[in-house]
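J.: Before anything else, here's the structure in question.
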2 protein chains.
Amino acid sequence: MALEHAILVSLLEKPGSGYELSRRFERSIGYFWTATHQQIYRVLKRMEHDGWIDVRDVPQQGRPDKKEYSVAAPGRAALSEWLHEPVEPESVRHDLAVKIRGAAFDDPTALIREVERHRQAHADRLAHYLVGEQRDFTDPGGDAPLDAGQELQHVVLRGGIAYERMTIAWLDDVLATLHRLHPVP
Amino acid sequence: MALEHAILVSLLEKPGSGYELSRRFERSIGYFWTATHQQIYRVLKRMEHDGWIDVRDVPQQGRPDKKEYSVAAPGRAALSEWLHEPVEPESVRHDLAVKIRGAAFDDPTALIREVERHRQAHADRLAHYLVGEQRDFTDPGGDAPLDAGQELQHVVLRGGIAYERMTIAWLDDVLATLHRLHPVP
DNA sequence: CTTGCCTATGCAACGAGTTGCATAGCAAGA
DNA sequence: TCTTGCTATGCAACTCGTTGCATAGGCAAG
């Protein structure tokens, strides 16, 4: 289980509330780990109970109060322990691949539309990543070199970019194969 | 939920028992969908109850009897229905990416070993895929062209190959970044 | 002949993840 | 003013996935 650890990393990068975490899980962290606000609130409660994180009530004006969490010493120790033990290669779940193999037993027209839709979604995500890379990891004037944390965030983002590019090329291959098997005039 | 549909596709490609399915989920299907035998037996029971699949007791010599499942008409209809409705882009879970960002708050030496271990695992899987591609999808004499089902299995396998190549290149990038941040003499 | 391994199926308990719903303050616009 | 939408937190019920264990027949090696 790594949701706890993903939260610890995110809180170390910057303390925040459950709501803010759920926003981060829709963008940067969410590129490689998804979680809903339900999961996050539940896990935060458990982590607070276990002493991994500290809470601080933050009154706000113009919006509801929030609880800001930050990592406590036991949480940092737990993260360090997890970082030192091996994780197995991730288990894969690709609905689309199941569908492609299923297309042998069905009319592939609907699948072509579906693959095109996915291709578009991945192209959008790639564009989004590239904007973020340009914004956060380009050194405009040559001053202020990136620190280690930023370098590591950048290499993870480069992984996302490589993944999207690979996926788009593969989906083009899939489309070409489907059209070859099911030519339209 | 798509385990049911992955099982339907696999049983359409070839009927088989729960045990045989669990073997397939360790190889071909398992490249893009993982499942343990527990899940498979449970889902098979439900699918049989719902009339999606038929069972046939097959006595065997030298080994325990098995129940061979095959897809019934309602199962085929359910698969077809699922193939025609859109699926959302898959949710991602990359422990290793969490660890890489976490390395900013810890000694990265252990992470380097971990990344090298993952690189080796992906290289092994790539080699395995390439052997399978050579074995199953190379037309040796020019006769017997591949049918649609094989073409689709091949394009899914090409996706796996592209994924492993991309991942290996990215892990090299990660290793270079880690060594740059933490030079060893 | 005992020990370990492979085929083959399954239960029970738990933990992780999803979905629907509820509440509550404040802001902006119809 | 009423609705819509955003911030902010949470409960309850359910499904999915994992882990540990159990059974049972046959095979091969020591």
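The way I read the labels, and the way they are meant: chains A, B, ... in the order of the structure tokens, residue 1 as the first residue of every chain, and ligand 1 as the first ligand shown, with later ones counted on from there.
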Hey, what's within 8 Å of region 86-90 of chain A if we count only C-alpha atoms (C1' of nucleotides) and toss same-chain stuff fewer than 5 positions away? As number ranges by chain, please?
T.: B: 93-96, 114, 118, 121
J.: Restricted to C-alpha atoms, what would the selected residues look like written as an mmCIF file, in the first residue's frame?
T.:
```
data_model
loop_
_atom_site.group_PDB
_atom_site.id
_atom_site.type_symbol
_atom_site.label_atom_id
_atom_site.label_comp_id
_atom_site.auth_asym_id
_atom_site.auth_seq_id
_atom_site.Cartn_x
_atom_site.Cartn_y
_atom_site.Cartn_z
ATOM 1 C CA ARG B 93 -0.340 3.596 -9.884
ATOM 2 C CA HIS B 94 3.416 3.884 -10.061
ATOM 3 C CA ASP B 95 5.086 3.102 -6.753
ATOM 4 C CA LEU B 96 8.465 3.775 -8.286
ATOM 5 C CA GLU B 114 15.873 -0.332 -6.585
ATOM 6 C CA HIS B 118 13.322 -2.581 -11.928
ATOM 7 C CA ALA B 121 12.918 -6.791 -14.560
#
```
J.: Mind listing as a VMD selection string which residues of chain B are within 10 Å of chain C, counting only C-alpha atoms (C1' of nucleotides)?
T.: chain B and resid 17 to 20 37 to 38 41 to 42 62 to 67
J.: Could you give me, as a PyMOL selection string, each residue of region 8-184 of chain B that DSSP assigns to alpha helix (DSSP H) when run on this structure's backbone?
T.: chain B and resi 8-13+18-24+37-49+73-84+95-102+109-137+148-181
J.: Have a look at CA of Gly30 (chain A) and CA of Gln39 (chain B) and let me know their distance in Å, one decimal.
T.: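 Separation between CA of Gly30 (chain A) and CA of Gln39 (chain B): 27.3 Å.
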J.: Within 9 Å of chain A, which residues of chain D are there when counting only C-alpha atoms (C1' of nucleotides)? Please give them as a list in words.
T.: DT7, DA8, DT9 and DG10 of chain D
J.: Take the selection from the previous step and output its residues with C-alpha atoms (C1' of nucleotides), as a PDB file, in the first residue's frame.
T.:
```pdb
ATOM      1  C1'  DT D   7     -14.141  25.217  -0.997  1.00  0.00           C
ATOM      2  C1'  DA D   8     -14.002  21.917   2.725  1.00  0.00           C
ATOM      3  C1'  DT D   9     -15.053  17.686   5.341  1.00  0.00           C
ATOM      4  C1'  DG D  10     -17.204  13.466   6.196  1.00  0.00           C
TER       5       DG D  10
END
```
J.: With DSSP run on the backbone, what are the strand (DSSP E) residues within chain B? I'd like them as a compact mmCIF listing (two decimals) with N, CA and C atoms, in the first residue's frame.
T.:
```txt
# COMPACT_ATOMS: atom_id res chain seq x y z
N ILE B 53 -21.60 -17.99 -18.88
CA ILE B 53 -20.71 -19.06 -19.35
C ILE B 53 -21.32 -20.42 -19.01
N ASP B 54 -20.94 -21.44 -19.77
CA ASP B 54 -21.35 -22.81 -19.52
C ASP B 54 -20.19 -23.59 -18.92
N VAL B 55 -20.53 -24.58 -18.09
CA VAL B 55 -19.50 -25.43 -17.49
C VAL B 55 -19.62 -26.84 -18.04
N ARG B 56 -18.50 -27.53 -18.07
CA ARG B 56 -18.49 -28.92 -18.49
C ARG B 56 -17.43 -29.62 -17.66
N ASP B 57 -17.85 -30.68 -16.94
CA ASP B 57 -16.90 -31.44 -16.13
C ASP B 57 -16.03 -32.29 -17.04
N VAL B 58 -14.73 -32.13 -16.90
CA VAL B 58 -13.81 -32.88 -17.75
C VAL B 58 -12.94 -33.77 -16.87
N LYS B 66 -11.24 -31.30 -14.00
CA LYS B 66 -11.37 -29.84 -14.09
C LYS B 66 -12.76 -29.48 -14.62
N LYS B 67 -13.11 -28.22 -14.43
CA LYS B 67 -14.35 -27.69 -14.99
C LYS B 67 -13.98 -26.78 -16.15
N GLU B 68 -14.39 -27.18 -17.33
CA GLU B 68 -14.04 -26.34 -18.48
C GLU B 68 -15.18 -25.37 -18.77
N TYR B 69 -14.84 -24.11 -18.81
CA TYR B 69 -15.84 -23.07 -19.06
C TYR B 69 -15.79 -22.62 -20.52
N SER B 70 -16.97 -22.30 -21.06
CA SER B 70 -17.03 -21.70 -22.39
C SER B 70 -18.11 -20.62 -22.38
N VAL B 71 -17.99 -19.69 -23.31
CA VAL B 71 -18.87 -18.52 -23.30
C VAL B 71 -20.25 -18.89 -23.86
```
J.: For CA of His182 (chain B) and CA of Val156 (chain A), determine how far apart the two atoms are, in Å to one decimal place.
T.: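 That distance, rounded to one decimal, is 17.1 Å.
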J.: Taking only C-alpha atoms into account, which of A:Ala176, A:Gln60, A:Tyr31, A:Arg113 comes nearest Leu126 (chain A)?
T.: A:Tyr31
